[in-house]
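Student: The file below is work.pdb, PDB, C-alpha atoms, pLDDT in the B column:
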```
ATOM      1  CA  MET J 212     -79.968 -11.887 -16.891  1.00 51.00           C
ATOM      2  CA  THR J 213     -78.630  -8.566 -15.594  1.00 50.00           C
ATOM      3  CA  VAL J 214     -80.081  -5.413 -14.113  1.00 48.00           C
ATOM      4  CA  ALA J 215     -78.359  -2.112 -14.827  1.00 44.00           C
ATOM      5  CA  THR J 216     -77.944   0.346 -11.967  1.00 40.00           C
ATOM      6  CA  ALA J 217     -76.477   3.830 -11.981  1.00 42.00           C
ATOM      7  CA  THR J 218     -73.041   2.556 -11.000  1.00 50.00           C
ATOM      8  CA  GLN J 219     -72.753  -1.011 -12.289  1.00 59.00           C
ATOM      9  CA  THR J 220     -74.570  -4.028 -13.677  1.00 80.00           C
ATOM     10  CA  VAL J 221     -76.050  -6.351 -11.051  1.00 85.00           C
ATOM     11  CA  LEU J 222     -76.658 -10.033 -11.828  1.00 89.00           C
ATOM     12  CA  GLU J 223     -80.137 -11.366 -11.062  1.00 88.00           C
ATOM     13  CA  PRO J 224     -80.735 -14.442  -8.906  1.00 86.00           C
ATOM     14  CA  GLY J 225     -80.767 -17.464 -11.201  1.00 86.00           C
ATOM     15  CA  THR J 226     -77.857 -16.372 -13.381  1.00 91.00           C
ATOM     16  CA  VAL J 227     -75.382 -19.189 -14.042  1.00 94.00           C
ATOM     17  CA  VAL J 228     -71.762 -18.114 -13.626  1.00 95.00           C
ATOM     18  CA  ARG J 229     -68.265 -19.593 -13.652  1.00 96.00           C
ATOM     19  CA  THR J 230     -66.215 -18.532 -10.670  1.00 95.00           C
ATOM     20  CA  PRO J 231     -63.376 -19.742  -8.437  1.00 95.00           C
ATOM     21  CA  ARG J 232     -64.435 -21.717  -5.364  1.00 92.00           C
ATOM     22  CA  TYR J 233     -62.532 -21.237  -2.130  1.00 89.00           C
ATOM     23  CA  ASP J 234     -62.533 -23.814   0.644  1.00 86.00           C
ATOM     24  CA  GLU J 235     -60.671 -22.917   3.835  1.00 85.00           C
ATOM     25  CA  GLY J 236     -58.842 -20.153   1.986  1.00 86.00           C
ATOM     26  CA  LYS J 237     -57.632 -22.390  -0.836  1.00 90.00           C
ATOM     27  CA  ASN J 238     -58.748 -21.971  -4.437  1.00 91.00           C
ATOM     28  CA  THR J 239     -60.178 -25.302  -5.623  1.00 91.00           C
ATOM     29  CA  GLY J 240     -60.554 -24.147  -9.223  1.00 93.00           C
ATOM     30  CA  LEU J 241     -63.248 -22.688 -11.429  1.00 95.00           C
ATOM     31  CA  ARG J 242     -66.757 -24.085 -10.956  1.00 94.00           C
ATOM     32  CA  LYS J 243     -70.221 -23.367 -12.244  1.00 95.00           C
ATOM     33  CA  ALA J 244     -72.516 -21.680  -9.749  1.00 94.00           C
ATOM     34  CA  ILE J 245     -75.946 -20.088  -9.563  1.00 91.00           C
ATOM     35  CA  VAL J 246     -76.233 -16.531  -8.265  1.00 91.00           C
ATOM     36  CA  LEU J 247     -78.604 -16.413  -5.279  1.00 86.00           C
ATOM     37  CA  GLY J 248     -78.464 -12.658  -4.811  1.00 85.00           C
ATOM     38  CA  LEU J 249     -76.289  -9.849  -3.564  1.00 87.00           C
ATOM     39  CA  TRP J 250     -74.184 -10.427  -0.456  1.00 87.00           C
ATOM     40  CA  ASN J 251     -75.307  -7.023   0.834  1.00 85.00           C
ATOM     41  CA  GLU J 252     -78.384  -5.525  -0.819  1.00 81.00           C
ATOM     42  CA  ASN J 253     -77.238  -1.993   0.093  1.00 83.00           C
ATOM     43  CA  ALA J 254     -73.758  -2.391  -1.425  1.00 81.00           C
ATOM     44  CA  PRO J 255     -73.778  -4.209  -4.800  1.00 78.00           C
ATOM     45  CA  LYS J 256     -69.984  -3.956  -5.122  1.00 82.00           C
ATOM     46  CA  GLU J 257     -69.429  -6.246  -2.117  1.00 86.00           C
ATOM     47  CA  GLY J 258     -70.235  -9.413  -4.092  1.00 90.00           C
ATOM     48  CA  TYR J 259     -72.774 -12.187  -4.564  1.00 93.00           C
ATOM     49  CA  LYS J 260     -74.083 -15.226  -2.709  1.00 90.00           C
ATOM     50  CA  VAL J 261     -73.653 -18.265  -4.968  1.00 92.00           C
ATOM     51  CA  TRP J 262     -74.497 -21.963  -4.921  1.00 90.00           C
ATOM     52  CA  PHE J 263     -72.007 -24.361  -6.528  1.00 93.00           C
ATOM     53  CA  TYR J 264     -74.803 -26.642  -7.746  1.00 90.00           C
ATOM     54  CA  THR J 265     -72.507 -29.226  -9.354  1.00 90.00           C
ATOM     55  CA  LEU J 266     -71.235 -30.175  -5.880  1.00 90.00           C
ATOM     56  CA  GLY J 267     -74.622 -31.059  -4.408  1.00 85.00           C
ATOM     57  CA  ALA J 268     -77.415 -29.625  -2.319  1.00 82.00           C
ATOM     58  CA  PRO J 269     -76.896 -26.149  -0.826  1.00 81.00           C
ATOM     59  CA  SER J 270     -75.105 -26.285   2.522  1.00 79.00           C
ATOM     60  CA  PHE J 271     -72.115 -24.908   4.351  1.00 77.00           C
ATOM     61  CA  ALA J 272     -70.789 -28.292   5.506  1.00 75.00           C
ATOM     62  CA  PRO J 273     -69.365 -29.430   2.134  1.00 77.00           C
ATOM     63  CA  ARG J 274     -69.090 -25.769   1.114  1.00 83.00           C
ATOM     64  CA  THR J 275     -71.527 -25.690  -1.787  1.00 88.00           C
ATOM     65  CA  LEU J 276     -72.587 -22.165  -0.775  1.00 87.00           C
ATOM     66  CA  GLY J 277     -70.228 -19.251  -0.949  1.00 89.00           C
ATOM     67  CA  MET J 278     -69.554 -15.622  -1.690  1.00 90.00           C
ATOM     68  CA  VAL J 279     -67.766 -14.209  -4.714  1.00 92.00           C
ATOM     69  CA  PHE J 280     -66.737 -10.730  -5.760  1.00 90.00           C
ATOM     70  CA  ALA J 281     -68.178  -9.225  -8.917  1.00 88.00           C
ATOM     71  CA  GLY J 282     -64.794  -9.214 -10.677  1.00 89.00           C
ATOM     72  CA  GLU J 283     -64.254 -12.948 -10.103  1.00 91.00           C
ATOM     73  CA  LEU J 284     -67.209 -14.305 -12.066  1.00 91.00           C
ATOM     74  CA  THR J 285     -68.164 -14.779 -15.682  1.00 93.00           C
ATOM     75  CA  ALA J 286     -71.844 -14.956 -16.603  1.00 93.00           C
ATOM     76  CA  LEU J 287     -72.664 -18.051 -18.693  1.00 94.00           C
ATOM     77  CA  GLY J 288     -76.459 -17.894 -18.949  1.00 93.00           C
ATOM     78  CA  THR J 289     -79.547 -18.455 -16.817  1.00 89.00           C
ATOM     79  CA  VAL J 290     -81.261 -21.418 -15.199  1.00 85.00           C
ATOM     80  CA  GLU J 291     -83.940 -21.252 -17.910  1.00 83.00           C
ATOM     81  CA  GLU J 292     -81.347 -22.434 -20.436  1.00 86.00           C
ATOM     82  CA  MET J 293     -80.589 -25.672 -18.546  1.00 84.00           C
ATOM     83  CA  SER J 294     -81.946 -29.115 -19.439  1.00 83.00           C
ATOM     84  CA  GLU J 295     -85.134 -30.447 -17.877  1.00 78.00           C
ATOM     85  CA  ARG J 296     -83.166 -33.140 -16.030  1.00 82.00           C
ATOM     86  CA  THR J 297     -80.817 -30.591 -14.475  1.00 85.00           C
ATOM     87  CA  LEU J 298     -83.698 -28.299 -13.534  1.00 81.00           C
ATOM     88  CA  LEU J 299     -85.527 -31.138 -11.799  1.00 80.00           C
ATOM     89  CA  ARG J 300     -82.408 -32.061  -9.799  1.00 84.00           C
ATOM     90  CA  LEU J 301     -81.840 -28.441  -8.784  1.00 82.00           C
ATOM     91  CA  TYR J 302     -85.472 -27.953  -7.787  1.00 78.00           C
ATOM     92  CA  LEU J 303     -85.461 -31.078  -5.623  1.00 79.00           C
ATOM     93  CA  GLN J 304     -82.234 -30.050  -3.911  1.00 81.00           C
ATOM     94  CA  LEU J 305     -83.608 -26.588  -3.113  1.00 76.00           C
ATOM     95  CA  ARG J 306     -86.951 -27.993  -1.956  1.00 71.00           C
ATOM     96  CA  ASP J 307     -85.331 -30.587   0.297  1.00 64.00           C
ATOM     97  CA  TYR J 308     -83.039 -28.019   1.865  1.00 64.00           C
ATOM     98  CA  ASN J 309     -86.043 -25.743   2.570  1.00 58.00           C
ATOM     99  CA  LEU J 310     -84.363 -22.417   1.902  1.00 57.00           C
ATOM    100  CA  ARG J 311     -87.470 -20.575   0.734  1.00 55.00           C
ATOM    101  CA  SER J 312     -87.304 -18.113   3.624  1.00 53.00           C
ATOM    102  CA  LEU J 313     -83.832 -16.846   2.722  1.00 57.00           C
ATOM    103  CA  ALA J 314     -83.413 -14.056   0.204  1.00 51.00           C
ATOM    104  CA  GLY J 315     -82.546 -15.198  -3.294  1.00 60.00           C
ATOM    105  CA  TYR J 316     -83.409 -18.868  -2.880  1.00 69.00           C
ATOM    106  CA  GLY J 317     -87.109 -18.332  -3.494  1.00 70.00           C
ATOM    107  CA  ALA J 318     -86.436 -16.372  -6.684  1.00 72.00           C
ATOM    108  CA  VAL J 319     -84.068 -19.042  -7.995  1.00 77.00           C
ATOM    109  CA  GLU J 320     -86.454 -21.835  -7.036  1.00 76.00           C
ATOM    110  CA  HIS J 321     -89.329 -20.078  -8.827  1.00 78.00           C
ATOM    111  CA  ARG J 322     -87.271 -19.576 -11.998  1.00 80.00           C
ATOM    112  CA  ILE J 323     -86.171 -23.226 -11.957  1.00 80.00           C
ATOM    113  CA  GLN J 324     -89.734 -24.468 -11.479  1.00 80.00           C
ATOM    114  CA  LYS J 325     -91.096 -22.207 -14.219  1.00 83.00           C
ATOM    115  CA  ALA J 326     -88.404 -23.234 -16.715  1.00 82.00           C
ATOM    116  CA  GLY J 327     -88.894 -26.932 -15.923  1.00 79.00           C
ATOM    117  CA  LEU J 328     -92.643 -26.720 -16.463  1.00 83.00           C
ATOM    118  CA  ARG J 329     -92.128 -24.885 -19.770  1.00 83.00           C
ATOM    119  CA  LEU J 330     -89.692 -27.559 -20.995  1.00 82.00           C
ATOM    120  CA  ARG J 331     -92.066 -30.338 -19.917  1.00 82.00           C
ATOM    121  CA  GLU J 332     -94.940 -28.734 -21.836  1.00 85.00           C
ATOM    122  CA  LEU J 333     -92.766 -28.408 -24.946  1.00 83.00           C
ATOM    123  CA  ARG J 334     -91.717 -32.066 -24.683  1.00 81.00           C
ATOM    124  CA  ARG J 335     -95.314 -33.218 -24.340  1.00 84.00           C
ATOM    125  CA  GLY J 336     -96.452 -31.000 -27.210  1.00 81.00           C
ATOM    126  CA  GLN J 337     -98.954 -28.976 -25.186  1.00 64.00           C
TER     127      GLN J 337
END
```
In structure tokens, write the structure found in this file.
Tutor:
Amino acid sequence: MTVATATQTVLEPGTVVRTPRYDEGKNTGLRKAIVLGLWNENAPKEGYKVWFYTLGAPSFAPRTLGMVFAGELTALGTVEEMSERTLLRLYLQLRDYNLRSLAGYGAVEHRIQKAGLRLRELRRGQ
């Protein structure tokens, strides 16, 4: 879930967090989000790219993608701990949006796919 560095702990892509969501400078309240990676790979203190997955597919039009500072978020778990139904919905939204080329999205998509397949195998008794 986290990676320790010399100066601070860095959250991995695929970590589920609770953080405030800002739209046009206004706080719309705390929401669940998935960490997509660091905002700036060279400066971990600058914050994280996040996807507010409960609001829909990743995009900037309805503001489901955003940036948060490290002090604003609370880690809740990882995508592997989500239900199979939620994982399938998340995977389809990422696949349809075709964000594989952007940093962080591919890692999150891979973790979601892997967790969904594991849950499906467990359900089928394989």
Student: For a cutoff of 7 Å around the file-coordinate point (-76.5, -19.3, -10.1), which residues qualify once you count all atoms listed in the file? I'd like the result as a list in words.
Tutor: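 Using all atoms listed in the file, the matching residues come out as Pro224, Gly225, Thr226, Val227, Val228, Ala244, Ile245, Val246, Leu247, Val261 and Trp262 of chain J.
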Student: Work out how far apart atom CA of Lys243 of chain J and atom CA of Leu330 of chain J are and give it in Å to one decimal.
Tutor: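 Going from atom CA of Lys243 of chain J over to atom CA of Leu330 of chain J covers 21.8 Å.
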Student: Within 9 Å of Arg274 of chain J, counting all atoms listed in the file, which residues show up once you throw out same-chain ones fewer than 4 positions away? Write them as a ChimeraX atom specification, please.
Tutor: /J:232-234,262-263,266,269-270
Student: Quick one: of J:Glu332, J:Glu235, J:Glu252, J:Glu320, who's nearest to Val290 of chain J, counting all atoms listed in the file?
Tutor: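 The shortest atom-to-atom distance to Val290 of chain J comes from J:Glu320.
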Student: Any chance you could work out the residue set of the PyMOL selection byres ((chain J and resi 229) around 7) here, as an MDAnalysis selection string?
Tutor: chainID J and resid 228 230 241:244 284:287
Student: Could you check how far atom CA of Ala281 of chain J sits from atom CA of Leu298 of chain J, in Å to one decimal?
Tutor: 25.0 Å
Student: If I take atom CA of Met278 of chain J and atom CA of Lys260 of chain J, how far is one from the other in Å, to one decimal?
Tutor: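 Between these atoms lies a distance of 4.7 Å.
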Student: May I have a table of the residues of segment 251-270 of chain J lying at most 10 Å from segment 300-305 of chain J, giving each one's closest pair of atoms and their distance in Å to one decimal, counting only C-alpha atoms, ordered by chain and ascending residue number, as a Markdown table?
Tutor:
```
| residue | atom | partner | partner_atom | distance |
| --- | --- | --- | --- | --- |
| J:Tyr264 | CA | J:Leu301 | CA | 7.3 |
| J:Thr265 | CA | J:Leu301 | CA | 9.4 |
| J:Gly267 | CA | J:Gln304 | CA | 7.7 |
| J:Ala268 | CA | J:Gln304 | CA | 5.1 |
| J:Pro269 | CA | J:Leu305 | CA | 7.1 |
```
Student: Here is a test: counting only C-alpha atoms, which residue of J:Leu249, J:Ala326, J:Val279, J:Val221 is nearest to Leu299 of chain J?
Tutor: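 Of the candidates, the smallest distance to Leu299 of chain J is held by J:Ala326.
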